[in-house]
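Structure file run_35.tsv (TSV, C-alpha atoms and all ligand atoms) is printed below.
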chain	number	residue	atom	x	y	z
A	1	MET	CA	23.21	-27.63	-38.81
A	2	LYS	CA	20.58	-26.32	-41.21
A	3	ILE	CA	21.47	-24.38	-44.33
A	4	ILE	CA	18.69	-22.01	-45.25
A	5	LYS	CA	18.76	-20.01	-48.46
A	6	THR	CA	15.50	-18.08	-48.48
A	7	LYS	CA	13.89	-15.51	-46.20
A	8	LYS	CA	10.62	-17.43	-46.32
A	9	LYS	CA	12.16	-20.68	-45.05
A	10	LEU	CA	14.15	-18.85	-42.41
A	11	LEU	CA	11.07	-17.07	-41.06
A	12	LYS	CA	9.15	-20.36	-41.00
A	13	LYS	CA	11.91	-21.97	-38.97
A	14	LEU	CA	12.16	-19.06	-36.51
A	15	LYS	CA	8.38	-18.89	-35.99
A	16	LYS	CA	8.18	-22.36	-34.47
A	17	LYS	CA	9.81	-21.68	-31.13
A	18	LYS	CA	10.85	-18.81	-28.92
A	19	PHE	CA	14.58	-18.67	-29.43
A	20	ASN	CA	17.36	-16.65	-27.84
A	21	ILE	CA	19.11	-15.92	-31.10
A	22	SER	CA	22.70	-14.86	-31.61
A	23	LEU	CA	23.41	-13.59	-35.09
A	24	ILE	CA	26.92	-13.48	-36.52
A	25	PRO	CA	26.88	-11.74	-39.89
A	26	THR	CA	29.78	-12.68	-42.19
A	27	MET	CA	30.79	-12.51	-45.82
A	28	GLY	CA	32.19	-16.01	-45.63
A	29	ASN	CA	35.80	-17.19	-45.66
A	30	ILE	CA	35.31	-18.26	-42.05
A	31	HIS	CA	38.45	-17.88	-39.97
A	32	GLN	CA	39.62	-18.06	-36.37
A	33	GLY	CA	38.16	-14.62	-35.68
A	34	HIS	CA	34.66	-15.74	-36.71
A	35	LEU	CA	35.00	-18.94	-34.67
A	36	PHE	CA	35.76	-16.82	-31.63
A	37	LEU	CA	32.52	-14.89	-32.16
A	38	ILE	CA	30.67	-18.21	-32.39
A	39	LYS	CA	32.26	-19.46	-29.15
A	40	LYS	CA	31.06	-16.33	-27.41
A	41	SER	CA	27.52	-16.80	-28.74
A	42	ILE	CA	27.31	-20.42	-27.51
A	43	LYS	CA	27.49	-19.12	-23.95
A	44	ILE	CA	24.61	-16.68	-24.26
A	45	SER	CA	22.05	-18.07	-26.67
A	46	ASN	CA	20.20	-21.22	-27.68
A	47	LEU	CA	20.18	-20.62	-31.44
A	48	ILE	CA	23.24	-19.51	-33.35
A	49	ILE	CA	22.74	-18.15	-36.81
A	50	VAL	CA	25.67	-17.31	-39.05
A	51	SER	CA	24.83	-15.45	-42.22
A	52	ILE	CA	27.11	-15.69	-45.23
A	53	PHE	CA	26.48	-13.04	-47.82
A	54	LEU	CA	29.03	-11.26	-49.97
A	55	ASN	CA	27.43	-7.83	-49.89
A	56	LYS	CA	28.25	-6.06	-53.16
A	57	PRO	CA	27.15	-2.52	-52.18
A	58	GLN	CA	29.78	-2.33	-49.44
A	59	PHE	CA	32.62	-2.77	-51.95
A	60	ASN	CA	33.59	0.50	-53.51
A	61	LYS	CA	35.84	-1.29	-56.01
A	62	LEU	CA	34.40	-4.06	-58.15
A	63	GLN	CA	37.78	-5.81	-58.29
A	64	ASP	CA	37.84	-6.00	-54.49
A	65	PHE	CA	34.42	-7.69	-54.60
A	66	ILE	CA	35.57	-10.14	-57.28
A	67	ASN	CA	38.82	-10.93	-55.40
A	68	TYR	CA	37.13	-11.54	-52.06
A	69	PRO	CA	38.03	-15.10	-51.02
A	70	GLN	CA	35.05	-17.43	-51.31
A	71	THR	CA	35.41	-20.81	-49.62
A	72	ILE	CA	31.85	-21.92	-48.99
A	73	LYS	CA	32.53	-25.68	-48.73
A	74	GLU	CA	35.22	-25.25	-46.08
A	75	ASP	CA	33.13	-22.57	-44.34
A	76	LEU	CA	30.19	-24.93	-43.91
A	77	LYS	CA	32.45	-27.66	-42.50
A	78	LYS	CA	33.95	-25.26	-39.96
A	79	LEU	CA	30.55	-23.89	-38.93
A	80	LYS	CA	29.13	-27.38	-38.46
A	81	LYS	CA	32.12	-28.40	-36.35
A	82	ASN	CA	31.63	-25.31	-34.21
A	83	LYS	CA	28.00	-26.06	-33.41
A	84	VAL	CA	26.27	-23.40	-35.45
A	85	ASP	CA	22.53	-24.14	-35.71
A	86	ILE	CA	21.62	-22.28	-38.89
A	87	VAL	CA	23.63	-20.89	-41.77
A	88	PHE	CA	21.67	-18.28	-43.67
A	89	LEU	CA	23.05	-18.37	-47.18
A	90	PRO	CA	20.90	-16.13	-49.38
A	91	ASN	CA	21.67	-15.13	-52.95
A	92	GLU	CA	21.73	-11.54	-54.18
A	93	LYS	CA	18.13	-11.58	-55.43
A	94	GLU	CA	16.92	-12.72	-52.02
A	95	ILE	CA	18.53	-9.72	-50.33
A	96	TYR	CA	18.16	-7.10	-53.08
A	97	PRO	CA	15.01	-8.24	-54.95
A	98	ASP	CA	14.89	-5.04	-57.01
A	99	GLY	CA	18.60	-4.87	-57.79
A	100	PHE	CA	20.87	-2.06	-56.66
A	101	TYR	CA	19.17	0.95	-58.18
A	102	LYS	CA	15.94	1.08	-56.26
A	103	HIS	CA	17.05	-0.39	-52.99
A	104	THR	CA	16.67	1.37	-49.64
A	105	ILE	CA	19.88	2.65	-48.11
A	106	VAL	CA	20.35	3.01	-44.37
A	107	SER	CA	22.95	5.60	-43.50
A	108	VAL	CA	24.32	6.51	-40.10
A	109	LYS	CA	24.79	9.96	-41.54
A	110	LYS	CA	27.69	11.70	-39.84
A	111	THR	CA	29.75	8.69	-38.82
A	112	SER	CA	29.60	7.11	-42.23
A	113	THR	CA	31.15	10.19	-43.86
A	114	ILE	CA	34.37	10.26	-41.84
A	115	LEU	CA	37.56	8.13	-41.59
A	116	GLU	CA	37.04	4.98	-43.72
A	117	ASN	CA	34.65	6.82	-46.00
A	118	LYS	CA	37.47	8.94	-47.42
A	119	ASN	CA	39.12	5.86	-48.92
A	120	ARG	CA	36.05	3.66	-49.30
A	121	PRO	CA	33.14	5.91	-50.27
A	122	ASN	CA	29.73	4.35	-49.49
A	123	HIS	CA	31.28	1.29	-47.88
A	124	LEU	CA	29.74	2.02	-44.49
A	125	ASN	CA	26.29	2.70	-45.95
A	126	GLY	CA	26.52	-0.70	-47.60
A	127	VAL	CA	27.31	-2.25	-44.23
A	128	SER	CA	24.55	-0.45	-42.29
A	129	THR	CA	22.00	-1.38	-44.96
A	130	ILE	CA	22.76	-5.12	-44.97
A	131	ILE	CA	22.92	-5.20	-41.17
A	132	CYS	CA	19.45	-3.61	-40.89
A	133	LYS	CA	18.08	-6.10	-43.43
A	134	LEU	CA	19.46	-9.01	-41.38
A	135	PHE	CA	18.33	-7.55	-38.05
A	136	ASN	CA	14.80	-6.96	-39.34
A	137	LEU	CA	14.54	-10.45	-40.75
A	138	ILE	CA	16.11	-12.44	-37.91
A	139	GLN	CA	15.42	-10.20	-34.90
A	140	PRO	CA	18.22	-11.68	-32.83
A	141	LYS	CA	18.70	-11.02	-29.14
A	142	TYR	CA	22.45	-10.66	-29.64
A	143	SER	CA	24.67	-9.87	-32.57
A	144	ILE	CA	28.40	-10.30	-32.33
A	145	PHE	CA	31.15	-8.41	-34.16
A	146	GLY	CA	34.92	-8.13	-34.04
A	147	GLU	CA	36.66	-4.90	-33.06
A	148	LYS	CA	38.97	-4.90	-36.07
A	149	ASP	CA	36.43	-2.99	-38.16
A	150	TYR	CA	36.03	-0.46	-35.40
A	151	GLN	CA	34.11	2.19	-37.34
A	152	GLN	CA	31.76	-0.51	-38.63
A	153	LEU	CA	31.16	-1.66	-35.05
A	154	TYR	CA	30.51	1.91	-33.94
A	155	ILE	CA	28.05	2.43	-36.79
A	156	ILE	CA	26.19	-0.77	-35.93
A	157	LYS	CA	25.94	0.24	-32.26
A	158	THR	CA	24.66	3.64	-33.35
A	159	LEU	CA	21.97	2.30	-35.66
A	160	VAL	CA	20.77	-0.12	-32.97
A	161	LYS	CA	20.27	2.87	-30.67
A	162	GLU	CA	18.86	5.21	-33.32
A	163	LEU	CA	16.44	2.73	-34.89
A	164	ASN	CA	15.27	1.23	-31.57
A	165	TYR	CA	16.43	-2.32	-32.20
A	166	ASN	CA	16.11	-4.49	-29.12
A	167	ILE	CA	19.44	-6.19	-29.85
A	168	LYS	CA	22.55	-6.34	-27.70
A	169	ILE	CA	25.70	-5.77	-29.73
A	170	ILE	CA	28.63	-7.69	-28.37
A	171	SER	CA	32.14	-6.88	-29.51
A	172	ILE	CA	35.17	-9.12	-29.35
A	173	PRO	CA	38.79	-7.88	-29.30
A	174	ILE	CA	40.92	-8.46	-32.39
A	175	ILE	CA	42.19	-12.01	-32.79
A	176	ARG	CA	45.77	-12.09	-34.03
A	177	GLU	CA	48.05	-14.56	-35.73
A	178	LYS	CA	51.21	-15.59	-33.84
A	179	ASN	CA	53.18	-12.78	-35.46
A	180	GLY	CA	50.61	-10.17	-34.41
A	181	LEU	CA	48.83	-9.77	-37.75
A	182	ALA	CA	45.11	-9.16	-37.18
A	183	ILE	CA	43.15	-12.14	-38.53
A	184	SER	CA	41.15	-11.24	-41.63
A	185	SER	CA	39.76	-12.97	-44.69
A	186	ARG	CA	42.04	-10.77	-46.78
A	187	ASN	CA	45.13	-12.37	-45.21
A	188	ASN	CA	44.42	-15.36	-47.43
A	189	LEU	CA	45.25	-13.20	-50.43
A	190	LEU	CA	48.81	-12.64	-49.14
A	191	THR	CA	51.83	-14.83	-49.85
A	192	LYS	CA	53.88	-16.21	-46.95
A	193	ASN	CA	56.43	-13.46	-47.37
A	194	GLU	CA	53.79	-10.72	-47.56
A	195	LYS	CA	52.20	-12.09	-44.39
A	196	LYS	CA	55.56	-11.81	-42.67
A	197	ARG	CA	55.85	-8.19	-43.78
A	198	ALA	CA	52.27	-7.54	-42.70
A	199	SER	CA	53.26	-8.33	-39.11
A	200	TYR	CA	54.88	-4.87	-39.06
A	201	ILE	CA	51.44	-3.29	-39.01
A	202	TYR	CA	50.85	-4.34	-35.40
A	203	LYS	CA	54.55	-4.01	-34.45
A	204	TYR	CA	54.55	-0.38	-35.57
A	205	LEU	CA	51.12	0.30	-34.09
A	206	LYS	CA	52.49	-0.72	-30.70
A	207	LYS	CA	55.49	1.58	-31.20
A	208	ILE	CA	53.23	4.47	-32.21
A	209	LYS	CA	51.13	3.87	-29.10
A	210	LYS	CA	54.26	4.09	-26.92
A	211	LYS	CA	55.28	7.33	-28.58
A	212	ILE	CA	51.87	8.76	-27.88
A	213	TYR	CA	52.20	7.88	-24.21
A	214	TYR	CA	55.53	9.57	-24.13
A	215	TYR	CA	54.99	12.67	-26.26
A	216	LYS	CA	51.19	12.94	-26.08
A	217	PHE	CA	49.26	13.08	-29.32
A	218	LYS	CA	50.29	16.63	-30.29
A	219	ILE	CA	53.11	15.28	-32.41
A	220	PHE	CA	50.87	12.77	-34.20
A	221	LYS	CA	51.49	14.38	-37.61
A	222	LYS	CA	55.23	13.97	-37.18
A	223	ILE	CA	54.78	10.34	-36.11
A	224	LYS	CA	52.63	9.71	-39.16
A	225	LYS	CA	55.28	11.08	-41.52
A	226	LYS	CA	58.01	9.02	-39.90
A	227	TYR	CA	56.02	5.79	-39.98
A	228	LYS	CA	54.94	6.30	-43.57
A	229	LYS	CA	58.63	6.01	-44.44
A	230	LYS	CA	59.21	3.09	-42.09
A	231	PHE	CA	56.31	1.18	-43.64
A	232	LEU	CA	57.60	1.91	-47.14
A	233	LYS	CA	60.89	0.25	-46.23
A	234	LYS	CA	58.83	-2.89	-45.54
A	235	LYS	CA	57.00	-2.44	-48.89
A	236	ILE	CA	53.82	-1.47	-47.08
A	237	LYS	CA	51.91	1.60	-48.28
A	238	LEU	CA	50.39	3.54	-45.41
A	239	GLU	CA	46.96	4.72	-46.54
A	240	SER	CA	45.66	6.27	-43.32
A	241	LEU	CA	46.59	6.66	-39.68
A	242	HIS	CA	44.18	8.37	-37.30
A	243	ILE	CA	43.85	8.81	-33.60
A	244	ARG	CA	40.33	9.34	-32.29
A	245	ASP	CA	38.31	9.19	-29.09
A	246	SER	CA	37.29	5.53	-28.94
A	247	LYS	CA	33.94	6.41	-27.41
A	248	ASN	CA	32.60	8.49	-30.29
A	249	LEU	CA	35.30	8.55	-33.01
A	250	LYS	CA	35.63	12.31	-32.58
A	251	ILE	CA	38.93	14.21	-32.45
A	252	ILE	CA	40.60	13.77	-29.06
A	253	SER	CA	39.58	16.40	-26.54
A	254	LYS	CA	40.72	17.11	-23.01
A	255	ASN	CA	37.80	15.01	-21.78
A	256	SER	CA	38.80	11.95	-23.80
A	257	LYS	CA	39.68	8.99	-21.62
A	258	LYS	CA	40.52	6.37	-24.17
A	259	ALA	CA	41.75	6.78	-27.72
A	260	ILE	CA	41.99	4.42	-30.64
A	261	ILE	CA	44.66	4.50	-33.33
A	262	LEU	CA	43.17	3.33	-36.62
A	263	ILE	CA	45.36	2.27	-39.49
A	264	SER	CA	44.86	1.15	-43.08
A	265	VAL	CA	47.65	0.00	-45.37
A	266	PHE	CA	48.20	-1.69	-48.68
A	267	ILE	CA	50.43	-4.66	-49.33
A	268	LYS	CA	50.38	-5.04	-53.10
A	269	ASN	CA	46.74	-4.28	-53.82
A	270	ILE	CA	45.46	-5.90	-50.61
A	271	ARG	CA	44.01	-3.45	-48.13
A	272	LEU	CA	44.49	-4.32	-44.48
A	273	ILE	CA	43.22	-2.52	-41.39
A	274	ASP	CA	44.06	-2.72	-37.72
A	275	ASN	CA	43.73	-0.67	-34.54
A	276	ILE	CA	44.98	-0.32	-31.00
A	277	PHE	CA	43.53	1.36	-27.91
A	278	VAL	CA	45.41	3.98	-25.93
A	279	ASN	CA	44.45	4.72	-22.36
A	280	LEU	CA	44.78	8.51	-22.17
A	281	LYS	CA	44.21	8.71	-18.43
A	282	LYS	CA	47.61	7.15	-17.90
A	283	ASN	CA	48.97	9.86	-20.10
A	284	LYS	CA	47.70	12.89	-18.15
B	301	LIG	O1	32.58	-7.41	-41.39
B	301	LIG	C1	32.02	-8.02	-42.33
B	301	LIG	O2	32.34	-9.14	-42.67
B	301	LIG	C2	30.89	-7.33	-43.08
B	301	LIG	O3	31.11	-5.97	-43.16
B	301	LIG	C3	29.49	-7.62	-42.48
B	301	LIG	C4	29.38	-7.08	-41.08
B	301	LIG	C5	29.23	-9.11	-42.50
B	301	LIG	C6	28.42	-6.95	-43.34
B	301	LIG	O4	28.41	-7.42	-44.63
With the file now loaded, output its structure as structure tokens.
Ligand code: PAF
Amino acid sequence: MKIIKTKKKLLKKLKKKKFNISLIPTMGNIHQGHLFLIKKSIKISNLIIVSIFLNKPQFNKLQDFINYPQTIKEDLKKLKKNKVDIVFLPNEKEIYPDGFYKHTIVSVKKTSTILENKNRPNHLNGVSTIICKLFNLIQPKYSIFGEKDYQQLYIIKTLVKELNYNIKIISIPIIREKNGLAISSRNNLLTKNEKKRASYIYKYLKKIKKKIYYYKFKIFKKIKKKYKKKFLKKKIKLESLHIRDSKNLKIISKNSKKAIILISVFIKNIRLIDNIFVNLKKNK
């Protein structure tokens, strides 16, 4: 496994041969979810690149950026064991040579102003910008993302279409811990007891999904109110709960076939997100 820190060295390496590249962008703290994305990429490509870059502009709170778990030594061990070919490990200057005031921002206009944007202003523009920088540099054939950050995934698919990237975006369903908690780097910031409580996120999501089957989504507001209280009893602060058409993230219409329930909560000051699909056809 090669660790490459500069754009120049990376381009030199990629020039040598015609590769079928799979790119897995990460911010480090490699976990089971990432390893699943790597496994998928082994099947389809002959060069696997994992980028590790803690992308400051996508954090709307500085403290969140500072607290983000960084475990580079362990990450490199795991990536090597899992047959990654190249780890691209640039520093901030390499990615943002002119700092954060002059840099170009890529924005998937409409979609980056809804849902997550209400609680994390500019987060999605930070994501779309770094993804474009990596795509332009590496020009992979495939890029692989988890479905946990569903709006992020949707934005990436949109920018690939809008900006004519010849890249296939592959998405992988959420990987969960035994108790149902969606695997995330942020889970490492939780104590054992908090992790136990966090399992209620998925437990309640499944209950909400059932209720939607039964009552249809007209009573969603009522469900939201009820579950806000239920979460509070578990010392979980419900930040947002939305149901949207999973195809375009728009409000459900009579033509919607599949919905997605998107949730964000806080346990202490740790923000966790999750989602679940609802097949609306069954419900008609
Ligand atoms: O999902 C993440 O870890 C990040 O948002 C990503 C896609 C690596 C961009 O920084």
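The spacing separating atom CA of Lys211 of chain A from atom CA of Ile114 of chain A amounts to 24.9 Å.
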- Which one is closest to Ser128 of chain A: A:Ile44, A:Ile267, A:Leu79, A:Ile155? Count all atoms listed in the file.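 Counting all atoms listed in the file, the residue closest to Ser128 of chain A is A:Ile155.
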Proximity of chain A to ligand LIG 301 (chain B): per-residue shortest pair, 8 Å limit, all atoms listed in the file, as CSV:
residue,atom,partner,partner_atom,distance
A:Ile24,CA,B:LIG301,C5,7.8
A:Pro25,CA,B:LIG301,C5,4.4
A:Thr26,CA,B:LIG301,C5,3.6
A:Met27,CA,B:LIG301,O2,4.9
A:Gly28,CA,B:LIG301,O2,7.5
A:Ser51,CA,B:LIG301,C5,7.7
A:Ile52,CA,B:LIG301,C5,7.4
A:Phe53,CA,B:LIG301,O4,6.7
A:Leu54,CA,B:LIG301,O4,6.6
A:Asn55,CA,B:LIG301,O4,5.4
A:Gln58,CA,B:LIG301,O4,7.1
A:Gly126,CA,B:LIG301,O4,7.6
A:Val127,CA,B:LIG301,C6,4.9
A:Ser128,CA,B:LIG301,C6,7.6
A:Ile130,CA,B:LIG301,O4,6.1
A:Ile131,CA,B:LIG301,C6,6.2
A:Phe145,CA,B:LIG301,C4,7.3
A:Gly146,CA,B:LIG301,O1,7.7
A:Asp149,CA,B:LIG301,O1,6.7
A:Gln152,CA,B:LIG301,O3,7.1
- Message: One decimal, in Å: what's the spacing between atom CA of Phe135 of chain A and atom CA of Lys83 of chain A?
- Response: 21.4 Å
- Message: Could you list, as a ChimeraX atom specification, every residue within 10 Å of Lys39 of chain A, counting all atoms listed in the file and ignoring same-chain residues fewer than 4 positions away?
- Response: /A:34-35,43-44,48,82-84
Those residues you just picked out, can you put them in a file as a PDB file, in the frame of the given file with C-alpha atoms?
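Okay, this is what ended up in selection27.pdb:
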ATOM      1  CA  HIS A  34      34.660 -15.740 -36.710  1.00  0.00           C
ATOM      2  CA  LEU A  35      35.000 -18.940 -34.670  1.00  0.00           C
ATOM      3  CA  LYS A  43      27.490 -19.120 -23.950  1.00  0.00           C
ATOM      4  CA  ILE A  44      24.610 -16.680 -24.260  1.00  0.00           C
ATOM      5  CA  ILE A  48      23.240 -19.510 -33.350  1.00  0.00           C
ATOM      6  CA  ASN A  82      31.630 -25.310 -34.210  1.00  0.00           C
ATOM      7  CA  LYS A  83      28.000 -26.060 -33.410  1.00  0.00           C
ATOM      8  CA  VAL A  84      26.270 -23.400 -35.450  1.00  0.00           C
TER       9      VAL A  84
END
Let me have the centre and edge lengths in Å, one decimal, of the box along x, y and z around every listed atom of segment 29-45 of chain A with 8 Å of margin on each side, as JSON.
{"center_x": 30.8, "center_y": -17.5, "center_z": -34.8, "size_x": 33.6, "size_y": 21.8, "size_z": 37.7}
- Rounded to one decimal place, report the atom CA of Arg176 of chain A-atom CA of Phe231 of chain A distance in Å.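 Straight-line distance from atom CA of Arg176 of chain A to atom CA of Phe231 of chain A works out to 19.5 Å.
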- Query: Can you tell me, as a list in words, what residues are no more than 9 Å from segment 189-196 of chain A when counting all atoms listed in the file, ignoring any on the same chain fewer than 4 positions away?
  - Reply: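 Final neighbour list, sorted by chain and number: Asn67, Tyr68, Pro69, Asn179, Leu181, Ser185, Tyr200, Lys235, Ile267, Lys268 and Ile270 of chain A.
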- Task: Would you list the contacts of Leu37 of chain A as number ranges by chain, taking every protein, DNA or RNA residue within 7 Å and counting all atoms listed in the file, but skipping same-chain residues closer than 3 positions in sequence?
- Result: A: 33-34, 40-41, 144-145, 172
Just to be explicit: take each residue in the selection above, keep C-alpha atoms, and write the result as a compact mmCIF listing (two decimals), in the frame of the given file.
# COMPACT_ATOMS: atom_id res chain seq x y z
CA GLY A 33 38.16 -14.62 -35.68
CA HIS A 34 34.66 -15.74 -36.71
CA LYS A 40 31.06 -16.33 -27.41
CA SER A 41 27.52 -16.80 -28.74
CA ILE A 144 28.40 -10.30 -32.33
CA PHE A 145 31.15 -8.41 -34.16
CA ILE A 172 35.17 -9.12 -29.35
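Among A:Val50, A:Ile167, A:Ile273, A:Leu159, the residue with the shortest atom-to-atom distance to Ser199 of chain A, counting all atoms listed in the file, is A:Ile273.
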- Message: Env of Glu116 of chain A: 12 Å cut, atoms = only C-alpha atoms, seq-sep filter 2 positions within chain, self excluded. Answer as a PyMOL selection string.
- Response: chain A and resi 58+60+111-114+118-125+149-152+155+239-242+249+262-265+271-273
- Do a neighbour search on Phe277 of chain A at 8 Å with all atoms listed in the file, toss out local chain neighbours closer than 5 positions, and write the hits as a ChimeraX atom specification. /A:246,258-261
Output the selection as a short mmCIF file (atom, residue, chain, number, x, y, z; two decimals), keeping the file's coordinate frame - C-alpha atoms for each residue.
data_model
loop_
_atom_site.label_atom_id
_atom_site.label_comp_id
_atom_site.auth_asym_id
_atom_site.auth_seq_id
_atom_site.Cartn_x
_atom_site.Cartn_y
_atom_site.Cartn_z
CA SER A 246 37.29 5.53 -28.94
CA LYS A 258 40.52 6.37 -24.17
CA ALA A 259 41.75 6.78 -27.72
CA ILE A 260 41.99 4.42 -30.64
CA ILE A 261 44.66 4.50 -33.33
#
- Nearest to Ile156 of chain A, restricted to only C-alpha atoms and choosing among A:Ile243, A:Leu238, A:Ile66, A:Ile169, comes out as A:Ile169
